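Next up, protein26.tsv (TSV, N, CA and C atoms and all ligand atoms):
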chain	number	residue	atom	x	y	z
L	94	MET	N	0.85	-1.20	0.00
L	94	MET	CA	0.00	0.00	0.00
L	94	MET	C	0.88	1.25	0.00
L	95	ALA	N	0.54	2.19	-0.87
L	95	ALA	CA	1.32	3.44	-0.93
L	95	ALA	C	0.81	4.41	0.13
L	96	TYR	N	1.74	4.96	0.85
L	96	TYR	CA	1.39	5.97	1.85
L	96	TYR	C	1.59	7.36	1.25
L	97	PRO	N	0.87	8.36	1.80
L	97	PRO	CA	1.19	9.73	1.40
L	97	PRO	C	2.64	10.05	1.79
L	98	VAL	N	3.24	10.92	1.03
L	98	VAL	CA	4.61	11.35	1.32
L	98	VAL	C	4.55	12.81	1.77
L	99	LEU	N	5.20	13.09	2.90
L	99	LEU	CA	5.24	14.48	3.38
L	99	LEU	C	6.69	14.95	3.42
L	100	TYR	N	6.99	15.95	2.60
L	100	TYR	CA	8.28	16.63	2.72
L	100	TYR	C	8.13	17.68	3.82
L	101	SER	N	9.05	17.65	4.75
L	101	SER	CA	8.89	18.44	5.96
L	101	SER	C	10.24	18.95	6.44
L	102	PHE	N	10.17	19.92	7.33
L	102	PHE	CA	11.38	20.39	8.01
L	102	PHE	C	11.01	20.53	9.48
L	103	ARG	N	11.78	19.89	10.31
L	103	ARG	CA	11.45	19.73	11.73
L	103	ARG	C	11.06	21.03	12.42
L	104	ARG	N	11.81	22.10	12.16
L	104	ARG	CA	11.58	23.34	12.91
L	104	ARG	C	10.66	24.33	12.19
L	105	CYS	N	10.13	23.96	11.06
L	105	CYS	CA	9.23	24.86	10.32
L	105	CYS	C	7.83	24.81	10.93
L	106	PRO	N	7.29	25.96	11.36
L	106	PRO	CA	5.96	25.95	11.99
L	106	PRO	C	4.85	25.50	11.04
L	107	TYR	N	5.02	25.78	9.76
L	107	TYR	CA	4.00	25.34	8.78
L	107	TYR	C	4.02	23.82	8.65
L	108	ALA	N	5.24	23.28	8.61
L	108	ALA	CA	5.36	21.83	8.53
L	108	ALA	C	4.86	21.18	9.83
L	109	MET	N	5.10	21.86	10.95
L	109	MET	CA	4.64	21.31	12.24
L	109	MET	C	3.13	21.17	12.24
L	110	ARG	N	2.43	22.20	11.78
L	110	ARG	CA	0.97	22.10	11.86
L	110	ARG	C	0.43	21.06	10.88
L	111	ALA	N	1.12	20.90	9.76
L	111	ALA	CA	0.71	19.84	8.84
L	111	ALA	C	0.93	18.47	9.48
L	112	ARG	N	2.09	18.29	10.12
L	112	ARG	CA	2.38	17.00	10.77
L	112	ARG	C	1.38	16.73	11.90
L	113	MET	N	1.03	17.78	12.63
L	113	MET	CA	0.07	17.59	13.74
L	113	MET	C	-1.28	17.13	13.21
L	114	ALA	N	-1.76	17.76	12.15
L	114	ALA	CA	-3.07	17.38	11.60
L	114	ALA	C	-3.04	15.94	11.08
L	115	ILE	N	-1.94	15.58	10.44
L	115	ILE	CA	-1.82	14.21	9.92
L	115	ILE	C	-1.80	13.22	11.08
L	116	LYS	N	-1.07	13.56	12.12
L	116	LYS	CA	-0.99	12.69	13.30
L	116	LYS	C	-2.36	12.54	13.96
L	117	ILE	N	-3.04	13.67	14.18
L	117	ILE	CA	-4.35	13.66	14.82
L	117	ILE	C	-5.36	12.85	14.00
L	118	SER	N	-5.20	12.91	12.69
L	118	SER	CA	-6.11	12.17	11.82
L	118	SER	C	-5.80	10.68	11.77
L	119	GLY	N	-4.68	10.30	12.32
L	119	GLY	CA	-4.32	8.88	12.34
L	119	GLY	C	-3.89	8.34	10.99
L	120	ILE	N	-3.45	9.25	10.12
L	120	ILE	CA	-3.04	8.84	8.78
L	120	ILE	C	-1.57	8.44	8.81
L	121	LYS	N	-1.28	7.25	8.26
L	121	LYS	CA	0.12	6.84	8.15
L	121	LYS	C	0.73	7.56	6.96
L	122	CYS	N	1.94	8.00	7.13
L	122	CYS	CA	2.55	8.87	6.14
L	122	CYS	C	4.06	8.61	6.10
L	123	GLU	N	4.61	8.69	4.91
L	123	GLU	CA	6.08	8.61	4.80
L	123	GLU	C	6.64	10.02	4.97
L	124	LEU	N	7.40	10.22	6.03
L	124	LEU	CA	7.94	11.54	6.34
L	124	LEU	C	9.34	11.67	5.75
L	125	ARG	N	9.51	12.68	4.91
L	125	ARG	CA	10.84	12.93	4.33
L	125	ARG	C	11.35	14.27	4.85
L	126	GLU	N	12.28	14.18	5.77
L	126	GLU	CA	12.86	15.38	6.37
L	126	GLU	C	13.81	16.03	5.35
L	127	VAL	N	13.65	17.33	5.22
L	127	VAL	CA	14.37	18.08	4.18
L	127	VAL	C	15.41	18.99	4.82
L	128	VAL	N	16.52	19.16	4.14
L	128	VAL	CA	17.47	20.22	4.48
L	128	VAL	C	17.16	21.38	3.54
L	129	LEU	N	16.75	22.51	4.10
L	129	LEU	CA	16.23	23.58	3.23
L	129	LEU	C	17.25	24.10	2.23
L	130	ARG	N	18.53	24.03	2.59
L	130	ARG	CA	19.54	24.53	1.64
L	130	ARG	C	19.92	23.48	0.59
L	131	ASP	N	19.32	22.30	0.69
L	131	ASP	CA	19.63	21.22	-0.26
L	131	ASP	C	18.35	20.40	-0.49
L	132	LYS	N	17.38	21.05	-1.15
L	132	LYS	CA	16.06	20.41	-1.29
L	132	LYS	C	16.11	19.27	-2.29
L	133	PRO	N	15.36	18.21	-2.00
L	133	PRO	CA	15.38	17.06	-2.90
L	133	PRO	C	14.80	17.40	-4.28
L	134	ALA	N	15.40	16.83	-5.31
L	134	ALA	CA	14.95	17.09	-6.68
L	134	ALA	C	13.48	16.71	-6.86
L	135	HIS	N	13.08	15.60	-6.25
L	135	HIS	CA	11.68	15.17	-6.42
L	135	HIS	C	10.71	16.18	-5.82
L	136	MET	N	11.08	16.75	-4.67
L	136	MET	CA	10.21	17.75	-4.05
L	136	MET	C	10.06	18.97	-4.97
L	137	LEU	N	11.17	19.41	-5.53
L	137	LEU	CA	11.12	20.59	-6.41
L	137	LEU	C	10.39	20.28	-7.73
L	138	GLU	N	10.47	19.03	-8.12
L	138	GLU	CA	9.77	18.62	-9.35
L	138	GLU	C	8.26	18.72	-9.14
L	139	ILE	N	7.77	18.27	-7.98
L	139	ILE	CA	6.32	18.28	-7.77
L	139	ILE	C	5.83	19.62	-7.22
L	140	SER	N	6.73	20.40	-6.64
L	140	SER	CA	6.35	21.71	-6.11
L	140	SER	C	7.50	22.69	-6.31
L	141	PRO	N	7.57	23.30	-7.48
L	141	PRO	CA	8.72	24.16	-7.82
L	141	PRO	C	8.89	25.37	-6.92
L	142	LYS	N	7.86	25.76	-6.17
L	142	LYS	CA	8.04	26.95	-5.33
L	142	LYS	C	9.02	26.69	-4.18
L	143	GLY	N	9.22	25.44	-3.84
L	143	GLY	CA	10.33	25.09	-2.94
L	143	GLY	C	10.12	25.37	-1.47
L	144	THR	N	8.87	25.38	-1.02
L	144	THR	CA	8.64	25.51	0.41
L	144	THR	C	8.12	24.18	0.98
L	145	VAL	N	8.35	24.01	2.27
L	145	VAL	CA	7.76	22.88	2.98
L	145	VAL	C	6.66	23.43	3.89
L	146	PRO	N	5.65	22.63	4.17
L	146	PRO	CA	5.48	21.23	3.80
L	146	PRO	C	4.93	21.04	2.39
L	147	VAL	N	5.22	19.85	1.85
L	147	VAL	CA	4.62	19.40	0.58
L	147	VAL	C	4.11	17.98	0.80
L	148	LEU	N	2.86	17.78	0.46
L	148	LEU	CA	2.28	16.44	0.58
L	148	LEU	C	1.97	15.88	-0.80
L	149	LEU	N	2.37	14.64	-1.02
L	149	LEU	CA	2.01	13.91	-2.24
L	149	LEU	C	1.09	12.77	-1.81
L	150	THR	N	-0.16	12.81	-2.29
L	150	THR	CA	-1.13	11.79	-1.87
L	150	THR	C	-0.93	10.51	-2.68
L	151	PRO	N	-1.51	9.40	-2.23
L	151	PRO	CA	-1.42	8.16	-3.01
L	151	PRO	C	-2.08	8.29	-4.38
L	152	GLU	N	-2.95	9.29	-4.53
L	152	GLU	CA	-3.59	9.52	-5.83
L	152	GLU	C	-2.76	10.48	-6.69
L	153	ASN	N	-1.56	10.78	-6.22
L	153	ASN	CA	-0.63	11.66	-6.93
L	153	ASN	C	-1.07	13.12	-6.98
L	154	THR	N	-1.85	13.52	-6.02
L	154	THR	CA	-2.19	14.94	-5.89
L	154	THR	C	-1.12	15.60	-5.02
L	155	VAL	N	-0.69	16.79	-5.45
L	155	VAL	CA	0.31	17.54	-4.67
L	155	VAL	C	-0.40	18.65	-3.91
L	156	ILE	N	-0.15	18.72	-2.61
L	156	ILE	CA	-0.71	19.80	-1.78
L	156	ILE	C	0.48	20.49	-1.12
L	157	ASP	N	0.68	21.76	-1.46
L	157	ASP	CA	1.90	22.44	-0.97
L	157	ASP	C	1.62	23.71	-0.18
L	158	GLU	N	0.47	23.73	0.48
L	158	GLU	CA	0.18	24.78	1.47
L	158	GLU	C	-0.23	24.05	2.75
L	159	SER	N	0.35	24.48	3.87
L	159	SER	CA	0.11	23.74	5.12
L	159	SER	C	-1.36	23.70	5.51
L	160	LEU	N	-2.08	24.81	5.31
L	160	LEU	CA	-3.51	24.82	5.67
L	160	LEU	C	-4.28	23.81	4.82
L	161	ASP	N	-3.92	23.71	3.55
L	161	ASP	CA	-4.60	22.75	2.68
L	161	ASP	C	-4.28	21.31	3.10
L	162	ILE	N	-3.05	21.09	3.56
L	162	ILE	CA	-2.69	19.75	4.04
L	162	ILE	C	-3.50	19.42	5.29
L	163	MET	N	-3.64	20.40	6.17
L	163	MET	CA	-4.44	20.18	7.39
L	163	MET	C	-5.89	19.85	7.03
L	164	ASN	N	-6.46	20.61	6.11
L	164	ASN	CA	-7.84	20.34	5.71
L	164	ASN	C	-7.96	18.96	5.05
L	165	TRP	N	-6.97	18.61	4.23
L	165	TRP	CA	-6.99	17.29	3.58
L	165	TRP	C	-7.00	16.19	4.64
L	166	ALA	N	-6.16	16.32	5.63
L	166	ALA	CA	-6.06	15.28	6.67
L	166	ALA	C	-7.36	15.20	7.47
L	167	LEU	N	-7.88	16.35	7.88
L	167	LEU	CA	-9.08	16.34	8.72
L	167	LEU	C	-10.32	15.92	7.95
L	168	GLU	N	-10.33	16.16	6.65
L	168	GLU	CA	-11.46	15.70	5.83
L	168	GLU	C	-11.54	14.18	5.82
L	169	GLN	N	-10.40	13.52	5.96
L	169	GLN	CA	-10.40	12.07	5.92
L	169	GLN	C	-10.77	11.44	7.25
L	170	ASN	N	-10.37	12.08	8.33
L	170	ASN	CA	-10.63	11.49	9.64
L	170	ASN	C	-10.53	12.57	10.71
L	171	ASP	N	-11.66	13.19	10.98
L	171	ASP	CA	-11.68	14.28	11.98
L	171	ASP	C	-12.22	13.72	13.29
L	172	ARG	N	-11.45	12.80	13.88
L	172	ARG	CA	-12.01	12.07	15.02
L	172	ARG	C	-12.16	12.93	16.27
L	173	TYR	N	-11.50	14.08	16.32
L	173	TYR	CA	-11.68	14.98	17.46
L	173	TYR	C	-12.53	16.20	17.12
L	174	CYS	N	-13.17	16.16	15.96
L	174	CYS	CA	-14.08	17.24	15.55
L	174	CYS	C	-13.41	18.61	15.64
L	175	ILE	N	-12.26	18.73	15.01
L	175	ILE	CA	-11.55	20.00	15.05
L	175	ILE	C	-11.43	20.60	13.65
L	176	SER	N	-12.38	20.25	12.79
L	176	SER	CA	-12.33	20.72	11.41
L	176	SER	C	-12.11	22.23	11.36
L	177	LEU	N	-11.30	22.64	10.41
L	177	LEU	CA	-10.96	24.07	10.28
L	177	LEU	C	-11.94	24.79	9.36
L	178	LYS	N	-12.82	24.03	8.72
L	178	LYS	CA	-13.75	24.67	7.76
L	178	LYS	C	-15.07	25.01	8.41
V	201	LIG	N1	2.42	29.36	3.01
V	201	LIG	C1	3.32	28.24	3.20
V	201	LIG	C2	4.59	28.72	3.90
V	201	LIG	C3	5.63	27.61	4.01
V	201	LIG	C4	7.02	28.17	4.29
V	201	LIG	O1	7.26	29.38	4.11
V	201	LIG	N2	7.92	27.30	4.73
V	201	LIG	C5	9.30	27.71	4.87
V	201	LIG	C6	9.98	27.04	6.06
V	201	LIG	S1	9.22	27.49	7.61
V	201	LIG	C7	10.10	27.32	3.64
V	201	LIG	O2	9.94	26.22	3.15
V	201	LIG	N3	10.97	28.21	3.14
V	201	LIG	C8	11.79	27.89	1.99
V	201	LIG	C9	13.25	28.09	2.26
V	201	LIG	O3	13.63	28.50	3.35
V	201	LIG	O4	14.01	27.78	1.34
V	201	LIG	C10	2.60	27.15	3.99
V	201	LIG	O5	1.76	27.50	4.84
V	201	LIG	O6	2.84	25.96	3.74
Output the file's structure as structure tokens, nothing else.
Amino acid sequence: MAYPVLYSFRRCPYAMRARMAIKISGIKCELREVVLRDKPAHMLEISPKGTVPVLLTPENTVIDESLDIMNWALEQNDRYCISLK
């Protein structure tokens, strides 16, 4: 089974909130920690603007805004009823 891939940076607040929403939603995810001064080619290929977080879903959809990643995660499993919408 393919998991979503999250490009992230540990100390980035935007990446933190995306990781928190994914965790709260109970979604298993492949976490790829990024060094901002040496971004992976694949990340830049799917999101040329070059910011983290970037999520690649199993359906090959790219979500590269943290708020959109949070909404995506909570739409799938909002078990604590904390939807942002
Ligand atoms: N609006 C974006 C902002 C993301 C953002 O600015 N992330 C910073 C790290 S905290 C980044 O990736 N900067 C690119 C860089 O430093 O090269 C979001 O909410 O996802």
Practice item. Write down as JSON, numbers by chain the residues belonging to chain L that are assigned alpha helix (DSSP H) by DSSP computed on the backbone. Key: {"L": [106, 107, 108, 109, 110, 111, 112, 113, 114, 115, 116, 117, 118, 134, 135, 136, 137, 138, 139, 159, 160, 161, 162, 163, 164, 165, 166, 167, 168, 169]}
Kindly work out which residues sit at most 7 Å from ligand LIG 201 (chain V), using all atoms listed in the file, and give the list as a PDB file with N, CA and C atoms, in the coordinates of the input.
ATOM      1  N   ARG L 104      11.810  22.100  12.160  1.00  0.00           N
ATOM      2  CA  ARG L 104      11.580  23.340  12.910  1.00  0.00           C
ATOM      3  C   ARG L 104      10.660  24.330  12.190  1.00  0.00           C
ATOM      4  N   CYS L 105      10.130  23.960  11.060  1.00  0.00           N
ATOM      5  CA  CYS L 105       9.230  24.860  10.320  1.00  0.00           C
ATOM      6  C   CYS L 105       7.830  24.810  10.930  1.00  0.00           C
ATOM      7  N   PRO L 106       7.290  25.960  11.360  1.00  0.00           N
ATOM      8  CA  PRO L 106       5.960  25.950  11.990  1.00  0.00           C
ATOM      9  C   PRO L 106       4.850  25.500  11.040  1.00  0.00           C
ATOM     10  N   TYR L 107       5.020  25.780   9.760  1.00  0.00           N
ATOM     11  CA  TYR L 107       4.000  25.340   8.780  1.00  0.00           C
ATOM     12  C   TYR L 107       4.020  23.820   8.650  1.00  0.00           C
ATOM     13  N   ALA L 108       5.240  23.280   8.610  1.00  0.00           N
ATOM     14  CA  ALA L 108       5.360  21.830   8.530  1.00  0.00           C
ATOM     15  C   ALA L 108       4.860  21.180   9.830  1.00  0.00           C
ATOM     16  N   LEU L 129      16.750  22.510   4.100  1.00  0.00           N
ATOM     17  CA  LEU L 129      16.230  23.580   3.230  1.00  0.00           C
ATOM     18  C   LEU L 129      17.250  24.100   2.230  1.00  0.00           C
ATOM     19  N   ARG L 130      18.530  24.030   2.590  1.00  0.00           N
ATOM     20  CA  ARG L 130      19.540  24.530   1.640  1.00  0.00           C
ATOM     21  C   ARG L 130      19.920  23.480   0.590  1.00  0.00           C
ATOM     22  N   LYS L 142       7.860  25.760  -6.170  1.00  0.00           N
ATOM     23  CA  LYS L 142       8.040  26.950  -5.330  1.00  0.00           C
ATOM     24  C   LYS L 142       9.020  26.690  -4.180  1.00  0.00           C
ATOM     25  N   GLY L 143       9.220  25.440  -3.840  1.00  0.00           N
ATOM     26  CA  GLY L 143      10.330  25.090  -2.940  1.00  0.00           C
ATOM     27  C   GLY L 143      10.120  25.370  -1.470  1.00  0.00           C
ATOM     28  N   THR L 144       8.870  25.380  -1.020  1.00  0.00           N
ATOM     29  CA  THR L 144       8.640  25.510   0.410  1.00  0.00           C
ATOM     30  C   THR L 144       8.120  24.180   0.980  1.00  0.00           C
ATOM     31  N   VAL L 145       8.350  24.010   2.270  1.00  0.00           N
ATOM     32  CA  VAL L 145       7.760  22.880   2.980  1.00  0.00           C
ATOM     33  C   VAL L 145       6.660  23.430   3.890  1.00  0.00           C
ATOM     34  N   PRO L 146       5.650  22.630   4.170  1.00  0.00           N
ATOM     35  CA  PRO L 146       5.480  21.230   3.800  1.00  0.00           C
ATOM     36  C   PRO L 146       4.930  21.040   2.390  1.00  0.00           C
ATOM     37  N   VAL L 147       5.220  19.850   1.850  1.00  0.00           N
ATOM     38  CA  VAL L 147       4.620  19.400   0.580  1.00  0.00           C
ATOM     39  C   VAL L 147       4.110  17.980   0.800  1.00  0.00           C
ATOM     40  N   ASP L 157       0.680  21.760  -1.460  1.00  0.00           N
ATOM     41  CA  ASP L 157       1.900  22.440  -0.970  1.00  0.00           C
ATOM     42  C   ASP L 157       1.620  23.710  -0.180  1.00  0.00           C
ATOM     43  N   GLU L 158       0.470  23.730   0.480  1.00  0.00           N
ATOM     44  CA  GLU L 158       0.180  24.780   1.470  1.00  0.00           C
ATOM     45  C   GLU L 158      -0.230  24.050   2.750  1.00  0.00           C
ATOM     46  N   SER L 159       0.350  24.480   3.870  1.00  0.00           N
ATOM     47  CA  SER L 159       0.110  23.740   5.120  1.00  0.00           C
ATOM     48  C   SER L 159      -1.360  23.700   5.510  1.00  0.00           C
ATOM     49  N   LEU L 160      -2.080  24.810   5.310  1.00  0.00           N
ATOM     50  CA  LEU L 160      -3.510  24.820   5.670  1.00  0.00           C
ATOM     51  C   LEU L 160      -4.280  23.810   4.820  1.00  0.00           C
ATOM     52  N   ASP L 161      -3.920  23.710   3.550  1.00  0.00           N
ATOM     53  CA  ASP L 161      -4.600  22.750   2.680  1.00  0.00           C
ATOM     54  C   ASP L 161      -4.280  21.310   3.100  1.00  0.00           C
TER      55      ASP L 161
END
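Considering only C-alpha atoms, the residue among L:Ala111, L:Val127, L:Ala95, L:Ile175 positioned nearest to Ile162 (chain L) is L:Ala111.
The gap separating atom N of Gln169 (chain L) from CA of Val155 (chain L) is 15.6 Å, in Å to one decimal.
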Review point. Quick one: DSSP strand (DSSP E) residues in chain L, as a ChimeraX atom specification?
Key: /L:98-101,123-126,147-149,155-156
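Distances to Asn170 (chain L) were evaluated for L:Ile120, L:Ile156, L:Leu148, L:Val98 using only C-alpha atoms, and the minimum falls at L:Ile120.
Of the listed residues (L:Ile117, L:Leu124, L:Ala134, L:Ile139), L:Ile117 comes nearest to Ala166 (chain L); the distances count only C-alpha atoms.
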**Study point:** Long-range neighbours of Arg125 (chain L) as a PyMOL selection string, 5 Å cut-off, all atoms listed in the file, 2 positions minimum in chain
**Key:** chain L and resi 99-101+123+127
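Put simply, CA of Ser118 (chain L) is 6.0 Å away from CA of Asp171 (chain L).
Minimum atom-to-atom distances from L:Arg110, L:Ser176, L:Arg103, L:Pro151 to Val128 (chain L) were compared using all atoms listed in the file, and the lowest value belongs to L:Arg103.
The coordinates place CA of Tyr173 (chain L) at 25.5 Å from CA of Phe102 (chain L).
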Coordinates of box centre and edge lengths for region 135-149 of chain L, 5 Å on every side, axis-aligned, as AutoDock Vina command-line options:
--center_x 7.1 --center_y 19.9 --center_z -2.6 --size_x 22.0 --size_y 24.2 --size_z 23.5
